[in-house]
file work.txt (compact mmCIF, N, CA and C atoms)
# COMPACT_ATOMS: atom_id res chain seq x y z
N MET A 1 0.85 -1.17 0.00
CA MET A 1 0.00 0.00 0.00
C MET A 1 0.89 1.23 0.00
N LYS A 2 0.89 1.93 -1.06
CA LYS A 2 1.62 3.19 -1.15
C LYS A 2 0.69 4.32 -0.72
N ALA A 3 1.19 5.16 0.15
CA ALA A 3 0.37 6.26 0.67
C ALA A 3 0.01 7.22 -0.45
N ASN A 4 -1.29 7.53 -0.54
CA ASN A 4 -1.72 8.50 -1.54
C ASN A 4 -1.55 9.92 -0.97
N GLU A 5 -1.79 10.91 -1.80
CA GLU A 5 -1.59 12.31 -1.41
C GLU A 5 -2.46 12.69 -0.22
N GLN A 6 -3.70 12.22 -0.20
CA GLN A 6 -4.61 12.53 0.91
C GLN A 6 -4.08 11.96 2.23
N THR A 7 -3.55 10.75 2.19
CA THR A 7 -2.98 10.12 3.39
C THR A 7 -1.80 10.94 3.90
N LEU A 8 -0.91 11.32 3.00
CA LEU A 8 0.24 12.13 3.40
C LEU A 8 -0.19 13.44 4.04
N GLN A 9 -1.21 14.08 3.46
CA GLN A 9 -1.71 15.34 4.01
C GLN A 9 -2.33 15.13 5.40
N GLN A 10 -3.08 14.05 5.58
CA GLN A 10 -3.70 13.77 6.87
C GLN A 10 -2.65 13.48 7.94
N VAL A 11 -1.63 12.72 7.59
CA VAL A 11 -0.55 12.42 8.53
C VAL A 11 0.23 13.70 8.86
N GLU A 12 0.52 14.52 7.85
CA GLU A 12 1.21 15.78 8.08
C GLU A 12 0.42 16.67 9.03
N ARG A 13 -0.87 16.74 8.83
CA ARG A 13 -1.73 17.57 9.69
C ARG A 13 -1.70 17.05 11.13
N ALA A 14 -1.75 15.74 11.32
CA ALA A 14 -1.71 15.16 12.66
C ALA A 14 -0.37 15.46 13.34
N LEU A 15 0.72 15.30 12.61
CA LEU A 15 2.04 15.57 13.20
C LEU A 15 2.24 17.06 13.47
N ARG A 16 1.65 17.90 12.66
CA ARG A 16 1.69 19.35 12.90
C ARG A 16 0.97 19.69 14.20
N LYS A 17 -0.16 19.00 14.45
CA LYS A 17 -0.90 19.22 15.69
C LYS A 17 -0.08 18.79 16.90
N VAL A 18 0.66 17.70 16.76
CA VAL A 18 1.54 17.27 17.84
C VAL A 18 2.61 18.34 18.09
N ALA A 19 3.24 18.81 17.04
CA ALA A 19 4.29 19.82 17.17
C ALA A 19 3.73 21.12 17.75
N ASP A 20 2.49 21.46 17.39
CA ASP A 20 1.86 22.67 17.92
C ASP A 20 1.63 22.60 19.43
N LYS A 21 1.49 21.39 19.97
CA LYS A 21 1.30 21.22 21.42
C LYS A 21 2.60 21.50 22.18
N PHE A 22 3.74 21.45 21.47
CA PHE A 22 5.04 21.66 22.09
C PHE A 22 5.82 22.70 21.28
N PRO A 23 5.31 23.95 21.20
CA PRO A 23 6.00 24.97 20.40
C PRO A 23 7.38 25.27 20.97
N PRO A 24 8.31 25.67 20.10
CA PRO A 24 9.67 25.94 20.57
C PRO A 24 9.69 27.06 21.63
N THR A 25 10.13 26.72 22.83
CA THR A 25 10.32 27.69 23.93
C THR A 25 11.48 27.21 24.77
N ASP A 26 11.87 28.04 25.74
CA ASP A 26 12.93 27.65 26.66
C ASP A 26 12.41 26.73 27.76
N ASP A 27 11.09 26.69 27.94
CA ASP A 27 10.46 25.87 28.96
C ASP A 27 10.11 24.51 28.34
N VAL A 28 11.02 23.53 28.50
CA VAL A 28 10.82 22.23 27.85
C VAL A 28 10.00 21.29 28.70
N THR A 29 9.32 20.39 28.04
CA THR A 29 8.51 19.36 28.67
C THR A 29 9.35 18.11 28.85
N LEU A 30 9.14 17.41 29.96
CA LEU A 30 9.86 16.17 30.21
C LEU A 30 9.07 14.99 29.65
N LEU A 31 9.41 14.59 28.45
CA LEU A 31 8.82 13.42 27.81
C LEU A 31 9.96 12.58 27.26
N THR A 32 9.73 11.30 27.13
CA THR A 32 10.74 10.48 26.47
C THR A 32 10.26 10.00 25.10
N ASP A 33 8.95 9.88 24.95
CA ASP A 33 8.42 9.38 23.68
C ASP A 33 7.09 10.04 23.33
N ILE A 34 6.86 10.14 22.04
CA ILE A 34 5.54 10.44 21.49
C ILE A 34 5.08 9.13 20.89
N HIS A 35 4.00 8.58 21.40
CA HIS A 35 3.48 7.29 20.93
C HIS A 35 2.43 7.53 19.85
N LEU A 36 2.64 6.97 18.69
CA LEU A 36 1.68 7.05 17.60
C LEU A 36 1.01 5.69 17.48
N ARG A 37 -0.24 5.64 17.84
CA ARG A 37 -0.99 4.38 17.84
C ARG A 37 -1.86 4.35 16.59
N VAL A 38 -1.76 3.26 15.85
CA VAL A 38 -2.50 3.12 14.60
C VAL A 38 -3.39 1.89 14.68
N SER A 39 -4.64 2.06 14.23
CA SER A 39 -5.58 0.96 14.21
C SER A 39 -5.83 0.54 12.77
N GLN A 40 -5.54 -0.71 12.49
CA GLN A 40 -5.74 -1.25 11.14
C GLN A 40 -7.23 -1.34 10.81
N GLU A 41 -8.05 -1.51 11.81
CA GLU A 41 -9.48 -1.65 11.60
C GLU A 41 -10.17 -0.30 11.36
N SER A 42 -9.91 0.67 12.23
CA SER A 42 -10.61 1.96 12.15
C SER A 42 -9.87 3.00 11.33
N GLY A 43 -8.58 2.77 11.07
CA GLY A 43 -7.78 3.75 10.34
C GLY A 43 -7.37 4.93 11.22
N GLU A 44 -7.56 4.77 12.50
CA GLU A 44 -7.31 5.87 13.43
C GLU A 44 -5.81 5.99 13.75
N LEU A 45 -5.33 7.22 13.74
CA LEU A 45 -3.98 7.55 14.17
C LEU A 45 -4.12 8.44 15.39
N VAL A 46 -3.61 7.97 16.53
CA VAL A 46 -3.73 8.71 17.78
C VAL A 46 -2.33 8.91 18.34
N ALA A 47 -2.04 10.15 18.75
CA ALA A 47 -0.75 10.46 19.38
C ALA A 47 -0.97 10.61 20.88
N PHE A 48 -0.08 9.98 21.65
CA PHE A 48 -0.13 10.02 23.11
C PHE A 48 1.23 10.44 23.65
N ASP A 49 1.21 11.00 24.86
CA ASP A 49 2.46 11.26 25.55
C ASP A 49 2.82 10.07 26.44
N ASP A 50 3.87 10.20 27.23
CA ASP A 50 4.32 9.11 28.11
C ASP A 50 3.28 8.71 29.14
N ASP A 51 2.44 9.66 29.54
CA ASP A 51 1.43 9.39 30.56
C ASP A 51 0.12 8.90 29.96
N ASP A 52 0.16 8.52 28.70
CA ASP A 52 -1.01 8.03 27.97
C ASP A 52 -2.11 9.08 27.83
N GLN A 53 -1.69 10.34 27.85
CA GLN A 53 -2.63 11.44 27.61
C GLN A 53 -2.67 11.70 26.11
N GLU A 54 -3.88 11.75 25.57
CA GLU A 54 -4.03 11.95 24.13
C GLU A 54 -3.59 13.36 23.74
N ILE A 55 -2.79 13.44 22.69
CA ILE A 55 -2.35 14.72 22.14
C ILE A 55 -3.24 15.11 20.97
N THR A 56 -3.46 14.18 20.07
CA THR A 56 -4.33 14.42 18.91
C THR A 56 -4.76 13.09 18.32
N ARG A 57 -5.80 13.14 17.50
CA ARG A 57 -6.28 11.93 16.82
C ARG A 57 -6.86 12.33 15.47
N CYS A 58 -6.78 11.42 14.53
CA CYS A 58 -7.40 11.62 13.23
C CYS A 58 -7.67 10.27 12.59
N ILE A 59 -8.47 10.27 11.57
CA ILE A 59 -8.78 9.06 10.80
C ILE A 59 -8.08 9.17 9.45
N ILE A 60 -7.31 8.16 9.11
CA ILE A 60 -6.65 8.09 7.80
C ILE A 60 -7.50 7.15 6.95
N GLU A 61 -8.23 7.73 6.02
CA GLU A 61 -9.22 6.96 5.24
C GLU A 61 -8.61 5.75 4.52
N GLN A 62 -7.41 5.91 4.00
CA GLN A 62 -6.77 4.82 3.25
C GLN A 62 -6.45 3.63 4.17
N TRP A 63 -6.36 3.87 5.48
CA TRP A 63 -6.01 2.81 6.41
C TRP A 63 -7.22 2.08 6.98
N ILE A 64 -8.43 2.57 6.75
CA ILE A 64 -9.63 1.95 7.31
C ILE A 64 -9.82 0.55 6.71
N ASP A 65 -10.00 -0.44 7.56
CA ASP A 65 -10.19 -1.85 7.17
C ASP A 65 -9.13 -2.37 6.21
N ASN A 66 -7.92 -1.88 6.37
CA ASN A 66 -6.82 -2.33 5.52
C ASN A 66 -6.34 -3.68 6.04
N LYS A 67 -6.41 -4.69 5.22
CA LYS A 67 -6.06 -6.06 5.63
C LYS A 67 -4.69 -6.50 5.11
N ASP A 68 -3.92 -5.58 4.54
CA ASP A 68 -2.61 -5.93 4.00
C ASP A 68 -1.71 -6.49 5.08
N ASP A 69 -0.98 -7.55 4.76
CA ASP A 69 -0.01 -8.12 5.69
C ASP A 69 1.11 -7.13 5.99
N SER A 70 1.38 -6.26 5.03
CA SER A 70 2.47 -5.29 5.19
C SER A 70 1.98 -3.94 5.72
N PHE A 71 0.78 -3.93 6.31
CA PHE A 71 0.17 -2.67 6.76
C PHE A 71 1.12 -1.86 7.64
N TYR A 72 1.64 -2.46 8.70
CA TYR A 72 2.48 -1.70 9.64
C TYR A 72 3.83 -1.32 9.02
N ASP A 73 4.34 -2.13 8.11
CA ASP A 73 5.56 -1.75 7.40
C ASP A 73 5.30 -0.52 6.53
N ASP A 74 4.15 -0.51 5.85
CA ASP A 74 3.80 0.62 4.99
C ASP A 74 3.54 1.87 5.82
N VAL A 75 2.86 1.71 6.96
CA VAL A 75 2.60 2.85 7.85
C VAL A 75 3.92 3.39 8.39
N THR A 76 4.82 2.50 8.76
CA THR A 76 6.14 2.92 9.26
C THR A 76 6.85 3.77 8.22
N THR A 77 6.86 3.31 6.98
CA THR A 77 7.50 4.05 5.90
C THR A 77 6.87 5.43 5.72
N THR A 78 5.54 5.48 5.73
CA THR A 78 4.82 6.74 5.55
C THR A 78 5.12 7.71 6.69
N LEU A 79 5.06 7.23 7.92
CA LEU A 79 5.31 8.10 9.06
C LEU A 79 6.76 8.61 9.06
N ARG A 80 7.71 7.75 8.75
CA ARG A 80 9.11 8.18 8.68
C ARG A 80 9.30 9.23 7.60
N GLN A 81 8.64 9.02 6.47
CA GLN A 81 8.74 9.97 5.36
C GLN A 81 8.24 11.35 5.80
N VAL A 82 7.10 11.39 6.46
CA VAL A 82 6.53 12.67 6.89
C VAL A 82 7.38 13.30 8.01
N LEU A 83 7.85 12.49 8.94
CA LEU A 83 8.70 13.02 10.01
C LEU A 83 9.99 13.61 9.44
N ASN A 84 10.57 12.93 8.47
CA ASN A 84 11.79 13.46 7.84
C ASN A 84 11.51 14.73 7.06
N LYS A 85 10.37 14.79 6.42
CA LYS A 85 9.99 15.99 5.65
C LYS A 85 9.84 17.19 6.57
N HIS A 86 9.35 16.97 7.78
CA HIS A 86 9.12 18.05 8.75
C HIS A 86 10.16 18.01 9.87
N LYS A 87 11.34 17.57 9.53
CA LYS A 87 12.43 17.38 10.50
C LYS A 87 12.68 18.62 11.34
N LYS A 88 12.74 19.77 10.72
CA LYS A 88 13.04 21.00 11.44
C LYS A 88 12.00 21.27 12.53
N GLN A 89 10.74 21.17 12.18
CA GLN A 89 9.66 21.41 13.13
C GLN A 89 9.66 20.35 14.24
N VAL A 90 9.89 19.10 13.88
CA VAL A 90 9.91 18.00 14.85
C VAL A 90 11.05 18.18 15.84
N GLU A 91 12.20 18.60 15.36
CA GLU A 91 13.37 18.73 16.23
C GLU A 91 13.37 19.99 17.08
N GLN A 92 12.47 20.94 16.79
CA GLN A 92 12.38 22.16 17.58
C GLN A 92 11.28 22.11 18.63
N MET A 93 10.64 20.97 18.77
CA MET A 93 9.59 20.84 19.78
C MET A 93 10.19 21.03 21.16
N ALA A 94 9.45 21.68 22.05
CA ALA A 94 9.93 21.98 23.40
C ALA A 94 9.82 20.76 24.30
N ILE A 95 10.58 19.75 23.96
CA ILE A 95 10.65 18.51 24.73
C ILE A 95 12.12 18.27 25.02
N LEU A 96 12.42 17.89 26.25
CA LEU A 96 13.78 17.64 26.65
C LEU A 96 14.37 16.47 25.84
N LYS A 97 15.49 16.70 25.19
CA LYS A 97 16.12 15.67 24.37
C LYS A 97 16.85 14.69 25.25
N PRO A 98 16.95 13.45 24.89
CA PRO A 98 16.42 12.80 23.70
C PRO A 98 14.96 12.37 23.89
N TYR A 99 14.23 12.41 22.81
CA TYR A 99 12.87 11.87 22.76
C TYR A 99 12.68 11.23 21.40
N SER A 100 11.67 10.38 21.30
CA SER A 100 11.46 9.67 20.04
C SER A 100 9.98 9.53 19.72
N PHE A 101 9.74 9.26 18.46
CA PHE A 101 8.40 8.93 17.98
C PHE A 101 8.37 7.42 17.81
N VAL A 102 7.38 6.79 18.44
CA VAL A 102 7.29 5.33 18.44
C VAL A 102 5.94 4.92 17.86
N LEU A 103 5.94 3.97 16.95
CA LEU A 103 4.71 3.44 16.36
C LEU A 103 4.24 2.25 17.18
N GLU A 104 2.94 2.26 17.52
CA GLU A 104 2.33 1.15 18.24
C GLU A 104 1.08 0.71 17.51
N ASP A 105 0.71 -0.56 17.71
CA ASP A 105 -0.56 -1.02 17.17
C ASP A 105 -1.67 -0.67 18.15
N ASP A 106 -2.90 -1.01 17.81
CA ASP A 106 -4.04 -0.62 18.67
C ASP A 106 -4.08 -1.39 19.99
N GLU A 107 -3.18 -2.36 20.16
CA GLU A 107 -3.08 -3.08 21.43
C GLU A 107 -1.86 -2.61 22.23
N ARG A 108 -1.31 -1.47 21.85
CA ARG A 108 -0.18 -0.83 22.52
C ARG A 108 1.12 -1.60 22.41
N GLU A 109 1.22 -2.45 21.40
CA GLU A 109 2.45 -3.18 21.16
C GLU A 109 3.37 -2.31 20.30
N ASN A 110 4.63 -2.23 20.70
CA ASN A 110 5.60 -1.43 19.98
C ASN A 110 5.90 -2.08 18.62
N ILE A 111 5.73 -1.31 17.56
CA ILE A 111 5.98 -1.80 16.20
C ILE A 111 7.34 -1.32 15.70
N ALA A 112 7.62 -0.02 15.86
CA ALA A 112 8.88 0.54 15.35
C ALA A 112 9.21 1.86 16.02
N GLU A 113 10.50 2.11 16.16
CA GLU A 113 10.94 3.43 16.57
C GLU A 113 11.11 4.21 15.27
N LEU A 114 10.32 5.26 15.14
CA LEU A 114 10.24 5.98 13.87
C LEU A 114 11.31 7.06 13.71
N TYR A 115 11.54 7.77 14.80
CA TYR A 115 12.40 8.95 14.70
C TYR A 115 12.91 9.29 16.08
N VAL A 116 14.22 9.45 16.23
CA VAL A 116 14.81 9.85 17.50
C VAL A 116 15.32 11.28 17.36
N VAL A 117 14.94 12.12 18.30
CA VAL A 117 15.41 13.49 18.31
C VAL A 117 16.46 13.60 19.41
N ASP A 118 17.69 13.71 18.99
CA ASP A 118 18.81 13.83 19.91
C ASP A 118 19.95 14.41 19.09
N ASP A 119 20.77 15.21 19.72
CA ASP A 119 21.88 15.82 18.99
C ASP A 119 22.94 14.80 18.59
N ASP A 120 23.01 13.67 19.30
CA ASP A 120 24.08 12.71 19.07
C ASP A 120 23.63 11.39 18.46
N THR A 121 22.33 11.18 18.27
CA THR A 121 21.83 9.88 17.83
C THR A 121 20.97 10.04 16.59
N ILE A 122 21.13 9.11 15.66
CA ILE A 122 20.23 9.06 14.51
C ILE A 122 19.82 7.61 14.31
N ILE A 123 18.65 7.43 13.70
CA ILE A 123 18.18 6.09 13.34
C ILE A 123 18.36 5.96 11.83
N ILE A 124 18.99 4.90 11.42
CA ILE A 124 19.22 4.69 10.00
C ILE A 124 18.11 3.82 9.46
N ASP A 125 17.51 4.27 8.37
CA ASP A 125 16.39 3.57 7.75
C ASP A 125 16.84 2.19 7.27
N GLU A 126 15.95 1.21 7.42
CA GLU A 126 16.25 -0.17 7.02
C GLU A 126 16.61 -0.27 5.55
N GLU A 127 15.99 0.54 4.69
CA GLU A 127 16.27 0.47 3.26
C GLU A 127 17.72 0.83 2.98
N LEU A 128 18.25 1.79 3.74
CA LEU A 128 19.64 2.17 3.58
C LEU A 128 20.56 1.04 4.02
N MET A 129 20.12 0.29 5.01
CA MET A 129 20.94 -0.77 5.57
C MET A 129 20.81 -2.10 4.83
N SER A 130 19.85 -2.24 3.94
CA SER A 130 19.65 -3.51 3.26
C SER A 130 20.89 -3.87 2.45
N GLY A 131 21.32 -5.11 2.58
CA GLY A 131 22.49 -5.58 1.84
C GLY A 131 23.81 -5.26 2.52
N LEU A 132 23.77 -4.56 3.65
CA LEU A 132 25.00 -4.18 4.32
C LEU A 132 25.78 -5.41 4.80
N ASP A 133 25.09 -6.41 5.33
CA ASP A 133 25.76 -7.63 5.79
C ASP A 133 26.54 -8.29 4.67
N LYS A 134 25.92 -8.39 3.51
CA LYS A 134 26.59 -9.02 2.37
C LYS A 134 27.80 -8.18 1.94
N ASP A 135 27.64 -6.86 1.89
CA ASP A 135 28.75 -5.99 1.51
C ASP A 135 29.92 -6.13 2.49
N LEU A 136 29.61 -6.18 3.78
CA LEU A 136 30.66 -6.33 4.78
C LEU A 136 31.34 -7.70 4.69
N ASP A 137 30.54 -8.75 4.45
CA ASP A 137 31.11 -10.09 4.28
C ASP A 137 32.04 -10.14 3.06
N ASP A 138 31.58 -9.55 1.95
CA ASP A 138 32.40 -9.52 0.74
C ASP A 138 33.71 -8.76 0.98
N PHE A 139 33.60 -7.64 1.67
CA PHE A 139 34.78 -6.83 1.99
C PHE A 139 35.76 -7.63 2.84
N LEU A 140 35.25 -8.30 3.89
CA LEU A 140 36.09 -9.09 4.78
C LEU A 140 36.75 -10.25 4.03
N ASP A 141 35.99 -10.93 3.19
CA ASP A 141 36.55 -12.04 2.39
C ASP A 141 37.69 -11.57 1.50
N LYS A 142 37.48 -10.41 0.87
CA LYS A 142 38.51 -9.88 -0.03
C LYS A 142 39.74 -9.45 0.79
N LEU A 143 39.50 -8.86 1.92
CA LEU A 143 40.59 -8.41 2.78
C LEU A 143 41.42 -9.60 3.29
N LEU A 144 40.74 -10.65 3.69
CA LEU A 144 41.44 -11.82 4.20
C LEU A 144 42.15 -12.60 3.11
N SER A 145 41.66 -12.55 1.89
CA SER A 145 42.28 -13.29 0.79
C SER A 145 43.57 -12.60 0.30
N ASP A 146 43.69 -11.31 0.57
CA ASP A 146 44.89 -10.56 0.13
C ASP A 146 45.98 -10.78 1.08

call {"tool": "encode", "arguments": {"input": "work.txt", "output": "structure tokens"}}
result
Amino acid sequence: MKANEQTLQQVERALRKVADKFPPTDDVTLLTDIHLRVSQESGELVAFDDDDQEITRCIIEQWIDNKDDSFYDDVTTTLRQVLNKHKKQVEQMAILKPYSFVLEDDERENIAELYVVDDDTIIIDEELMSGLDKDLDDFLDKLLSD
């Protein structure tokens, strides 16, 4: 399932609402994670803080009753894409660093760490890392054979 334009706009709007709750100021909030809970049945995207207090919610029409086996993988990709697109706004939120955006299913099970905001830490996307093991093995084999 590739996210359509409407889905991207709905996700962007939801993440903007999260960022608006923590506008850049010197008075930072003590949070460690922003939990993004997604329901495959209802298409609902809900953002929560560490205390399970709702920050915002919306319905993503493309996600309603989506039965794809790759649903959470596709949602992860879409959310990472939007978070990266709005990186500046996400990283200026008045939350004490480090904090992260975490994807959960509707049963509160952790699916993926989407984005870490910290001056010293980055999360490398799986697509970038694909094939790295083989490349390293090939490099080591060549090094040892010389």

call {"tool": "axis_aligned_box", "arguments": {"input": "work.txt", "around": "stretch 103-117 of chain A", "padding_each_side": "3 Å", "output": "AutoDock Vina command-line options"}}
result
--center_x 6.2 --center_y 5.2 --center_z 18.1 --size_x 26.5 --size_y 22.8 --size_z 14.8

call {"tool": "closest_residue", "arguments": {"input": "work.txt", "among": "A:Thr29, A:Glu44, A:Leu140, A:Lys21", "to": "A:Glu61", "atoms": "all atoms listed in the file"}}
result
A:Glu44

call {"tool": "atom_distance", "arguments": {"input": "work.txt", "atom1": "atom N of A:Asp74", "atom2": "atom C of A:Met1"}}
result
6.9 Å

call {"tool": "closest_residue", "arguments": {"input": "work.txt", "among": "A:Thr25, A:Gln10, A:Thr77, A:Val90", "to": "A:Cys58", "atoms": "only N, CA and C atoms"}}
result
A:Gln10

call {"tool": "residues_around", "arguments": {"input": "work.txt", "residues": "A:Ala112", "least_positions_apart": "5", "cutoff": "8 Å", "atoms": "only N, CA and C atoms", "output": "list of chain:residue names"}}
result
A:Tyr72, A:Thr76, A:Phe101, A:Val102, A:Leu103, A:Glu104, A:Asp105

call {"tool": "residues_near_point", "arguments": {"input": "work.txt", "point": "(-12.2, 1.4, 13.5)", "cutoff": "10 Å", "atoms": "only C-alpha atoms", "output": "ChimeraX atom specification"}}
result
/A:38-44,59,63-65,106

call {"tool": "select_by_dssp", "arguments": {"input": "work.txt", "residues": "chain A", "states": "strand (DSSP E)", "output": "PDB file with N, CA and C atoms, keeping the file's coordinate frame"}}
result
ATOM      1  N   ASP A  33       8.950   9.880  24.950  1.00  0.00           N
ATOM      2  CA  ASP A  33       8.420   9.380  23.680  1.00  0.00           C
ATOM      3  C   ASP A  33       7.090  10.040  23.330  1.00  0.00           C
ATOM      4  N   ILE A  34       6.860  10.140  22.040  1.00  0.00           N
ATOM      5  CA  ILE A  34       5.540  10.440  21.490  1.00  0.00           C
ATOM      6  C   ILE A  34       5.080   9.130  20.890  1.00  0.00           C
ATOM      7  N   HIS A  35       4.000   8.580  21.400  1.00  0.00           N
ATOM      8  CA  HIS A  35       3.480   7.290  20.930  1.00  0.00           C
ATOM      9  C   HIS A  35       2.430   7.530  19.850  1.00  0.00           C
ATOM     10  N   LEU A  36       2.640   6.970  18.690  1.00  0.00           N
ATOM     11  CA  LEU A  36       1.680   7.050  17.600  1.00  0.00           C
ATOM     12  C   LEU A  36       1.010   5.690  17.480  1.00  0.00           C
ATOM     13  N   ARG A  37      -0.240   5.640  17.840  1.00  0.00           N
ATOM     14  CA  ARG A  37      -0.990   4.380  17.840  1.00  0.00           C
ATOM     15  C   ARG A  37      -1.860   4.350  16.590  1.00  0.00           C
ATOM     16  N   VAL A  38      -1.760   3.260  15.850  1.00  0.00           N
ATOM     17  CA  VAL A  38      -2.500   3.120  14.600  1.00  0.00           C
ATOM     18  C   VAL A  38      -3.390   1.890  14.680  1.00  0.00           C
ATOM     19  N   GLU A  44      -7.560   4.770  12.500  1.00  0.00           N
ATOM     20  CA  GLU A  44      -7.310   5.870  13.430  1.00  0.00           C
ATOM     21  C   GLU A  44      -5.810   5.990  13.750  1.00  0.00           C
ATOM     22  N   LEU A  45      -5.330   7.220  13.740  1.00  0.00           N
ATOM     23  CA  LEU A  45      -3.980   7.550  14.170  1.00  0.00           C
ATOM     24  C   LEU A  45      -4.120   8.440  15.390  1.00  0.00           C
ATOM     25  N   VAL A  46      -3.610   7.970  16.530  1.00  0.00           N
ATOM     26  CA  VAL A  46      -3.730   8.710  17.780  1.00  0.00           C
ATOM     27  C   VAL A  46      -2.330   8.910  18.340  1.00  0.00           C
ATOM     28  N   ALA A  47      -2.040  10.150  18.750  1.00  0.00           N
ATOM     29  CA  ALA A  47      -0.750  10.460  19.380  1.00  0.00           C
ATOM     30  C   ALA A  47      -0.970  10.610  20.880  1.00  0.00           C
ATOM     31  N   PHE A  48      -0.080   9.980  21.650  1.00  0.00           N
ATOM     32  CA  PHE A  48      -0.130  10.020  23.110  1.00  0.00           C
ATOM     33  C   PHE A  48       1.230  10.440  23.650  1.00  0.00           C
ATOM     34  N   GLU A  54      -3.880  11.750  25.570  1.00  0.00           N
ATOM     35  CA  GLU A  54      -4.030  11.950  24.130  1.00  0.00           C
ATOM     36  C   GLU A  54      -3.590  13.360  23.740  1.00  0.00           C
ATOM     37  N   ILE A  55      -2.790  13.440  22.690  1.00  0.00           N
ATOM     38  CA  ILE A  55      -2.350  14.720  22.140  1.00  0.00           C
ATOM     39  C   ILE A  55      -3.240  15.110  20.970  1.00  0.00           C
ATOM     40  N   THR A  56      -3.460  14.180  20.070  1.00  0.00           N
ATOM     41  CA  THR A  56      -4.330  14.420  18.910  1.00  0.00           C
ATOM     42  C   THR A  56      -4.760  13.090  18.320  1.00  0.00           C
ATOM     43  N   ARG A  57      -5.800  13.140  17.500  1.00  0.00           N
ATOM     44  CA  ARG A  57      -6.280  11.930  16.820  1.00  0.00           C
ATOM     45  C   ARG A  57      -6.860  12.330  15.470  1.00  0.00           C
ATOM     46  N   CYS A  58      -6.780  11.420  14.530  1.00  0.00           N
ATOM     47  CA  CYS A  58      -7.400  11.620  13.230  1.00  0.00           C
ATOM     48  C   CYS A  58      -7.670  10.270  12.590  1.00  0.00           C
ATOM     49  N   ILE A  59      -8.470  10.270  11.570  1.00  0.00           N
ATOM     50  CA  ILE A  59      -8.780   9.060  10.800  1.00  0.00           C
ATOM     51  C   ILE A  59      -8.080   9.170   9.450  1.00  0.00           C
ATOM     52  N   TYR A  99      14.230  12.410  22.810  1.00  0.00           N
ATOM     53  CA  TYR A  99      12.870  11.870  22.760  1.00  0.00           C
ATOM     54  C   TYR A  99      12.680  11.230  21.400  1.00  0.00           C
ATOM     55  N   SER A 100      11.670  10.380  21.300  1.00  0.00           N
ATOM     56  CA  SER A 100      11.460   9.670  20.040  1.00  0.00           C
ATOM     57  C   SER A 100       9.980   9.530  19.720  1.00  0.00           C
ATOM     58  N   PHE A 101       9.740   9.260  18.460  1.00  0.00           N
ATOM     59  CA  PHE A 101       8.400   8.930  17.980  1.00  0.00           C
ATOM     60  C   PHE A 101       8.370   7.420  17.810  1.00  0.00           C
ATOM     61  N   VAL A 102       7.380   6.790  18.440  1.00  0.00           N
ATOM     62  CA  VAL A 102       7.290   5.330  18.440  1.00  0.00           C
ATOM     63  C   VAL A 102       5.940   4.920  17.860  1.00  0.00           C
ATOM     64  N   LEU A 103       5.940   3.970  16.950  1.00  0.00           N
ATOM     65  CA  LEU A 103       4.710   3.440  16.360  1.00  0.00           C
ATOM     66  C   LEU A 103       4.240   2.250  17.180  1.00  0.00           C
ATOM     67  N   GLU A 104       2.940   2.260  17.520  1.00  0.00           N
ATOM     68  CA  GLU A 104       2.330   1.150  18.240  1.00  0.00           C
ATOM     69  C   GLU A 104       1.080   0.710  17.510  1.00  0.00           C
ATOM     70  N   ASP A 105       0.710  -0.560  17.710  1.00  0.00           N
ATOM     71  CA  ASP A 105      -0.560  -1.020  17.170  1.00  0.00           C
ATOM     72  C   ASP A 105      -1.670  -0.670  18.150  1.00  0.00           C
ATOM     73  N   ASN A 110       4.630  -2.230  20.700  1.00  0.00           N
ATOM     74  CA  ASN A 110       5.600  -1.430  19.980  1.00  0.00           C
ATOM     75  C   ASN A 110       5.900  -2.080  18.620  1.00  0.00           C
ATOM     76  N   ILE A 111       5.730  -1.310  17.560  1.00  0.00           N
ATOM     77  CA  ILE A 111       5.980  -1.800  16.200  1.00  0.00           C
ATOM     78  C   ILE A 111       7.340  -1.320  15.700  1.00  0.00           C
ATOM     79  N   ALA A 112       7.620  -0.020  15.860  1.00  0.00           N
ATOM     80  CA  ALA A 112       8.880   0.540  15.350  1.00  0.00           C
ATOM     81  C   ALA A 112       9.210   1.860  16.020  1.00  0.00           C
ATOM     82  N   GLU A 113      10.500   2.110  16.160  1.00  0.00           N
ATOM     83  CA  GLU A 113      10.940   3.430  16.570  1.00  0.00           C
ATOM     84  C   GLU A 113      11.110   4.210  15.270  1.00  0.00           C
ATOM     85  N   LEU A 114      10.320   5.260  15.140  1.00  0.00           N
ATOM     86  CA  LEU A 114      10.240   5.980  13.870  1.00  0.00           C
ATOM     87  C   LEU A 114      11.310   7.060  13.710  1.00  0.00           C
ATOM     88  N   TYR A 115      11.540   7.770  14.800  1.00  0.00           N
ATOM     89  CA  TYR A 115      12.400   8.950  14.700  1.00  0.00           C
ATOM     90  C   TYR A 115      12.910   9.290  16.080  1.00  0.00           C
ATOM     91  N   VAL A 116      14.220   9.450  16.230  1.00  0.00           N
ATOM     92  CA  VAL A 116      14.810   9.850  17.500  1.00  0.00           C
ATOM     93  C   VAL A 116      15.320  11.280  17.360  1.00  0.00           C
ATOM     94  N   VAL A 117      14.940  12.120  18.300  1.00  0.00           N
ATOM     95  CA  VAL A 117      15.410  13.490  18.310  1.00  0.00           C
ATOM     96  C   VAL A 117      16.460  13.600  19.410  1.00  0.00           C
TER      97      VAL A 117
END

call {"tool": "residues_around", "arguments": {"input": "work.txt", "residues": "stretch 11-15 of chain A", "least_positions_apart": "4", "cutoff": "8 Å", "atoms": "only N, CA and C atoms", "output": "PyMOL selection string"}}
result
chain A and resi 5-7+19-21+45+47+56-60+78-79+82-83+90

call {"tool": "select_by_dssp", "arguments": {"input": "work.txt", "residues": "stretch 1-37 of chain A", "states": "alpha helix (DSSP H)", "output": "list in words"}}
result
Glu5, Gln6, Thr7, Leu8, Gln9, Gln10, Val11, Glu12, Arg13, Ala14, Leu15, Arg16, Lys17, Val18, Ala19, Asp20 and Lys21 of chain A

call {"tool": "atom_distance", "arguments": {"input": "work.txt", "atom1": "atom N of A:Lys67", "atom2": "atom N of A:Lys2"}}
result
11.7 Å
